[in-house]
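Structure file work_25.txt (compact mmCIF, C-alpha atoms) is printed below.
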```txt
# COMPACT_ATOMS: atom_id res chain seq x y z
CA MET A 1 120.72 31.67 60.24
CA MET A 2 124.29 31.43 59.05
CA GLN A 3 126.33 28.98 61.05
CA ALA A 4 130.10 28.83 61.12
CA THR A 5 132.57 26.21 62.21
CA ALA A 6 135.52 28.37 63.17
CA ALA A 7 135.84 30.02 66.58
CA PRO A 8 135.46 33.82 66.66
CA THR A 9 138.56 35.97 66.41
CA GLY A 10 140.13 36.67 69.81
CA VAL A 11 138.30 33.94 71.74
CA PRO A 12 140.89 31.56 73.22
CA ARG A 13 139.78 28.63 75.32
CA ALA A 14 139.44 29.61 78.96
CA PRO A 15 140.64 27.48 81.88
CA THR A 16 138.38 24.72 83.19
CA VAL A 17 136.34 25.39 86.31
CA PRO A 18 136.97 22.92 89.19
CA ALA A 19 134.05 20.57 89.74
CA VAL A 20 133.99 21.32 93.49
CA ILE A 21 132.24 24.64 92.87
CA VAL A 22 129.29 23.09 91.01
CA SER A 23 126.95 23.01 94.01
CA LEU A 24 127.77 26.56 95.07
CA ALA A 25 127.42 27.89 91.54
CA CYS A 26 124.02 26.24 91.17
CA LEU A 27 122.86 27.87 94.36
CA LEU A 28 124.12 31.27 93.25
CA SER A 29 122.57 31.08 89.79
CA ALA A 30 119.39 29.20 90.73
CA CYS A 31 120.19 26.67 88.05
CA SER A 32 117.53 24.07 87.43
CA CYS A 33 119.00 22.02 84.61
CA ALA A 34 121.31 19.89 86.81
CA PHE A 35 123.68 20.67 85.12
CA CYS A 36 122.61 21.45 81.54
CA THR A 37 123.90 19.43 78.62
CA VAL A 38 124.69 20.37 75.05
CA GLY A 39 125.11 17.63 72.49
CA GLY A 40 125.52 15.05 75.25
CA SER A 41 128.26 17.05 76.99
CA LYS A 42 127.70 18.77 80.31
CA LEU A 43 128.08 22.51 80.58
CA GLU A 44 130.29 23.81 83.34
CA PRO A 45 128.47 25.86 86.00
CA PRO A 46 128.76 29.65 86.08
CA GLU A 47 131.89 30.91 87.80
CA ILE A 48 130.15 33.86 89.45
CA ALA A 49 126.56 34.86 90.17
CA CYS A 50 124.51 37.03 87.82
CA GLN A 51 122.55 39.97 89.17
CA GLU A 52 119.69 39.29 86.73
CA THR A 53 118.45 35.70 86.32
CA PRO A 54 117.02 33.91 84.56
CA VAL A 55 117.56 35.62 81.23
CA SER A 56 114.66 34.96 78.87
CA TRP A 57 112.97 36.17 75.71
CA GLN A 58 109.19 36.34 75.51
CA GLY A 59 109.17 34.15 78.62
CA ILE A 60 111.27 31.46 76.91
CA ILE A 61 114.24 30.30 79.01
CA PRO A 62 117.16 28.25 77.64
CA GLY A 63 117.60 25.00 79.55
CA GLN A 64 113.98 25.04 80.72
CA SER A 65 111.46 25.85 77.97
CA THR A 66 110.34 23.09 75.60
CA THR A 67 109.28 22.97 71.97
CA THR A 68 105.67 22.99 73.14
CA ASP A 69 106.29 26.06 75.31
CA VAL A 70 107.78 27.92 72.36
CA ILE A 71 104.93 27.13 69.96
CA GLU A 72 102.31 27.95 72.59
CA THR A 73 104.01 31.31 73.20
CA LEU A 74 105.09 32.37 69.71
CA GLY A 75 103.02 30.18 67.38
CA GLU A 76 104.40 28.17 64.50
CA PRO A 77 107.83 29.24 63.23
CA VAL A 78 108.31 30.75 59.80
CA GLN A 79 110.96 28.12 59.10
CA GLY A 80 112.37 25.04 60.81
CA ARG A 81 109.25 23.36 62.23
CA ASP A 82 110.72 19.94 61.44
CA THR A 83 114.21 20.81 62.67
CA ARG A 84 115.91 21.82 65.90
CA VAL A 85 116.18 25.46 64.79
CA PHE A 86 113.03 27.62 64.64
CA LEU A 87 113.03 30.94 62.78
CA TYR A 88 110.64 33.75 63.73
CA PRO A 89 110.13 37.27 62.34
CA PRO A 90 111.30 39.90 61.86
CA ILE A 91 113.24 38.56 58.91
CA VAL A 92 116.18 40.85 58.15
CA PHE A 93 117.53 41.07 54.61
CA LEU A 94 121.11 42.26 54.23
CA ALA A 95 122.75 44.04 51.33
CA ASP A 96 124.56 40.85 50.29
CA GLY A 97 121.24 39.02 49.81
CA SER A 98 121.41 36.91 52.97
CA SER A 99 118.60 36.88 55.52
CA TYR A 100 118.31 36.31 59.24
CA GLY A 101 115.58 36.20 61.86
CA ASN A 102 114.94 35.62 65.53
CA THR A 103 116.19 32.08 66.07
CA ILE A 104 115.50 29.46 68.73
CA ALA A 105 117.64 26.29 68.81
CA PHE A 106 116.75 23.11 70.70
CA ASN A 107 118.80 20.21 72.02
CA GLY A 108 118.01 16.58 71.25
CA ALA A 109 115.53 16.41 74.13
CA GLY A 110 113.45 19.28 72.74
CA ILE A 111 114.66 21.79 75.33
CA VAL A 112 115.67 25.30 74.24
CA ASP A 113 119.46 25.54 74.07
CA TRP A 114 119.98 29.08 72.79
CA ILE A 115 118.07 32.06 71.38
CA ASP A 116 119.32 34.63 68.89
CA VAL A 117 117.26 37.85 68.93
CA TRP A 118 117.61 40.96 66.78
CA VAL A 119 117.56 44.18 68.80
CA LEU A 120 118.65 47.33 66.92
CA ASP A 121 115.55 49.58 66.80
CA SER A 122 112.98 46.76 67.01
CA ASP A 123 111.05 48.68 69.69
CA GLY A 124 111.46 52.05 67.98
CA GLU A 125 114.74 53.11 69.54
CA PHE A 126 118.33 51.96 69.73
CA HIS A 127 119.92 50.56 72.90
CA THR A 128 123.49 50.78 74.12
CA VAL A 129 125.94 48.44 75.84
CA GLU A 130 125.60 50.72 78.86
CA LYS A 131 121.98 49.64 79.23
CA MET A 132 123.06 45.98 79.16
CA ALA A 133 125.68 46.69 81.84
CA ARG A 134 123.01 48.21 84.06
CA ILE A 135 120.96 45.02 83.76
CA TYR A 136 123.64 42.32 83.88
CA GLY A 137 126.46 44.07 85.71
CA THR A 138 129.70 45.76 84.79
CA THR A 139 131.67 42.54 85.29
CA LEU A 140 131.69 40.41 82.14
CA ASP A 141 133.95 37.80 80.60
CA ARG A 142 135.29 39.35 77.45
CA VAL A 143 134.81 41.85 74.66
CA TYR A 144 136.15 40.65 71.31
CA MET A 145 135.82 41.42 67.64
CA ASN A 146 133.27 39.17 66.00
CA GLY A 147 134.77 37.32 63.07
CA ARG A 148 135.21 34.23 60.96
CA LEU A 149 137.89 32.91 58.67
CA GLY A 150 140.21 35.89 58.94
CA LEU A 151 137.44 38.50 58.73
CA SER A 152 136.38 40.60 61.68
CA GLY A 153 133.96 43.35 62.63
CA PRO A 154 132.48 45.79 62.48
CA ASP A 155 130.57 44.26 65.38
CA GLN A 156 132.03 43.33 68.74
CA VAL A 157 130.78 40.66 71.15
CA TYR A 158 130.23 41.42 74.85
CA VAL A 159 129.91 38.21 76.91
CA TRP A 160 128.24 37.63 80.28
CA SER A 161 128.47 33.82 80.32
CA HIS A 162 127.43 33.61 83.99
CA CYS A 163 124.16 35.31 83.03
CA GLY A 164 123.71 33.36 79.82
CA ILE A 165 123.81 36.33 77.48
CA ALA A 166 126.13 37.83 74.91
CA VAL A 167 125.41 40.82 72.70
CA THR A 168 126.94 42.06 69.49
CA ALA A 169 127.31 45.82 69.20
CA VAL A 170 128.57 48.38 66.72
CA SER A 171 129.51 52.04 66.79
CA GLU A 172 126.90 54.69 66.11
CA GLU A 173 128.57 55.40 62.79
CA ALA A 174 128.03 51.80 61.68
CA VAL A 175 124.25 52.21 61.69
CA LYS A 176 124.03 55.30 59.53
CA HIS A 177 120.63 55.73 57.94
CA SER A 178 122.22 57.71 55.15
CA GLU A 179 125.64 59.16 54.40
CA ASP A 180 124.68 62.45 56.02
CA GLU A 181 122.56 61.31 58.94
CA ILE A 182 123.33 59.27 62.04
CA LEU A 183 120.31 57.82 63.79
CA PRO A 184 119.85 59.21 67.31
CA LEU A 185 120.49 57.02 70.32
CA ALA A 186 117.81 56.39 72.91
CA GLU A 187 119.92 58.21 75.49
CA ALA A 188 123.21 60.06 75.63
CA VAL A 189 125.95 58.09 77.38
CA GLU A 190 129.34 59.32 78.46
CA ALA A 191 132.17 57.04 77.35
CA ASN A 192 133.45 56.41 80.87
CA GLN A 193 130.15 56.51 82.74
CA TYR A 194 130.25 52.73 83.11
CA GLN A 195 133.64 51.06 83.53
CA LEU A 196 133.45 47.45 82.36
CA ASN A 197 135.54 44.87 84.20
CA LEU A 198 136.72 42.01 81.97
CA ARG A 199 137.46 38.64 83.58
CA HIS A 200 139.14 37.24 80.45
CA PRO A 201 140.51 40.23 78.51
CA VAL A 202 141.97 39.83 75.05
CA HIS A 203 145.74 39.47 75.28
CA PRO A 204 147.51 42.79 74.51
CA GLN A 205 149.60 41.05 71.83
CA ASP A 206 146.60 39.73 69.90
CA SER A 207 146.48 41.22 66.42
CA VAL A 208 142.78 42.16 66.63
CA GLN A 209 141.97 44.37 69.60
CA PRO A 210 138.41 45.38 70.52
CA THR A 211 137.35 48.90 71.45
CA VAL A 212 135.37 48.65 74.68
CA ASP A 213 132.76 51.40 74.52
CA VAL A 214 129.48 51.41 76.43
CA ARG A 215 128.05 53.82 73.84
CA GLN A 216 128.03 51.11 71.18
CA ILE A 217 124.63 50.10 69.81
CA VAL A 218 123.35 46.58 70.48
CA VAL A 219 122.62 44.67 67.27
CA LEU A 220 121.49 41.33 68.66
CA GLU A 221 121.18 39.39 71.89
CA PHE A 222 122.37 35.80 72.08
CA ILE A 223 120.74 34.08 75.07
CA PHE A 224 121.97 30.70 76.28
CA GLN A 225 122.17 28.50 79.35
CA PRO A 226 124.28 30.22 82.05
CA THR A 227 127.67 28.59 82.20
CA SER A 228 131.40 29.18 82.49
CA TYR A 229 133.33 31.17 79.94
CA ALA A 230 135.11 27.98 78.87
CA SER A 231 131.78 26.31 78.07
CA PHE A 232 130.57 29.42 76.26
CA VAL A 233 133.64 29.23 74.03
CA GLU A 234 133.22 25.49 73.45
CA PHE A 235 129.48 25.32 72.84
CA TYR A 236 128.05 28.75 72.04
CA ALA A 237 130.56 31.23 70.62
CA LYS A 238 130.44 29.65 67.16
CA GLU A 239 126.65 30.01 67.05
CA ILE A 240 126.73 33.81 67.21
CA PRO A 241 126.14 35.02 63.65
CA PHE A 242 128.77 37.06 61.89
CA MET A 243 128.14 39.15 58.82
CA ALA A 244 131.07 40.51 56.85
CA THR A 245 129.15 43.65 56.00
CA TYR A 246 128.19 46.98 57.49
CA PHE A 247 124.85 47.70 59.07
CA HIS A 248 124.05 50.99 57.33
CA ASP A 249 120.91 49.62 55.69
CA ILE A 250 119.52 47.48 58.50
CA ARG A 251 116.48 48.69 60.42
CA LEU A 252 113.86 46.62 62.18
CA ALA A 253 111.20 49.09 63.31
CA GLY A 254 107.92 48.52 61.50
CA LYS A 255 108.99 45.23 59.90
```
Translate the structure of the given file into structure tokens.
Amino acid sequence: MMQATAAPTGVPRAPTVPAVIVSLACLLSACSCAFCTVGGSKLEPPEIACQETPVSWQGIIPGQSTTTDVIETLGEPVQGRDTRVFLYPPIVFLADGSSYGNTIAFNGAGIVDWIDVWVLDSDGEFHTVEKMARIYGTTLDRVYMNGRLGLSGPDQVYVWSHCGIAVTAVSEEAVKHSEDEILPLAEAVEANQYQLNLRHPVHPQDSVQPTVDVRQIVVLEFIFQPTSYASFVEFYAKEIPFMATYFHDIRLAGK
């Protein structure tokens, strides 16, 4: 998994959440990590409640599941058994020679901190941002162009920090199977069927503006401990992988 040190393009630091709402936020989000820590620093509580909690993958929940839980559920990792980052299949090979896989990262206490899961057509069909909005709600923190070191896109990041999930998504054209064919979506979605409400929109004067479109295809899910947008920016945004390439040759089904 490629890690980067620079913050993604268009992700300014959000204002700090007052400590007085910690107890209420924990009640709303059913938090059980009191309150979770990353690298010795405490995460801020979610600012609003999520309509779908807790977010998990294969029954693994950030802030709760342990190294033992992960190995009992998924078996030994392909890579990283002696580190804090486990890599599981499918392993995706990109045109530039780099490779990625489903990734689970742990904190120093052996508790899952975040999970990075490839979606695309891993279950035989593609999924849209609209489907994510139906699950996690139409209110989210921000949509921004994914990027590093002056590069951006083609993927965009949709962030529900109060749910503990962010997804990267691309246009249908970005996942062309060939120059003449565009892979069909799982379902047809009208552009304005779901109106997304952004709590921290990108400033209109920012040089890189996202295109909010619920028809975009989800590339990966990044699952983390539910928190404030400020804590997402500080602790998690930099962990979302960015690939300065197009996705025309990436498919997961059958791998």
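The gap separating atom CA of Pro226 of chain A from atom CA of Ala109 of chain A is 18.2 Å, in Å to one decimal.
Of the listed residues A:Asp113, A:Glu239, A:Asp82, A:Asp213, the one whose atoms come nearest to Gly63 of chain A is A:Asp113, with distances taken using all atoms listed in the file.
Take atom CA of Asp155 of chain A and atom CA of Asp123 of chain A: the distance between them is 20.5 Å.
Atom to atom, atom CA of Val112 of chain A and atom CA of Glu234 of chain A stand 17.6 Å apart.
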Q: With a distance cut-off of 12 Å and all atoms listed in the file, select the neighbouring residues of Trp114 of chain A, excluding the residue or stretch itself and same-chain residues fewer than 2 positions from it, and output the selection as a PyMOL selection string.
A: chain A and resi 36-38+55-57+60-66+84-86+102-107+110-112+116-117+164-166+221-226+232+235-240
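Residue nearest Val167 of chain A, chosen from A:Pro241, A:Gly75, A:Pro210, A:Pro204 and counting only C-alpha atoms: A:Pro241.
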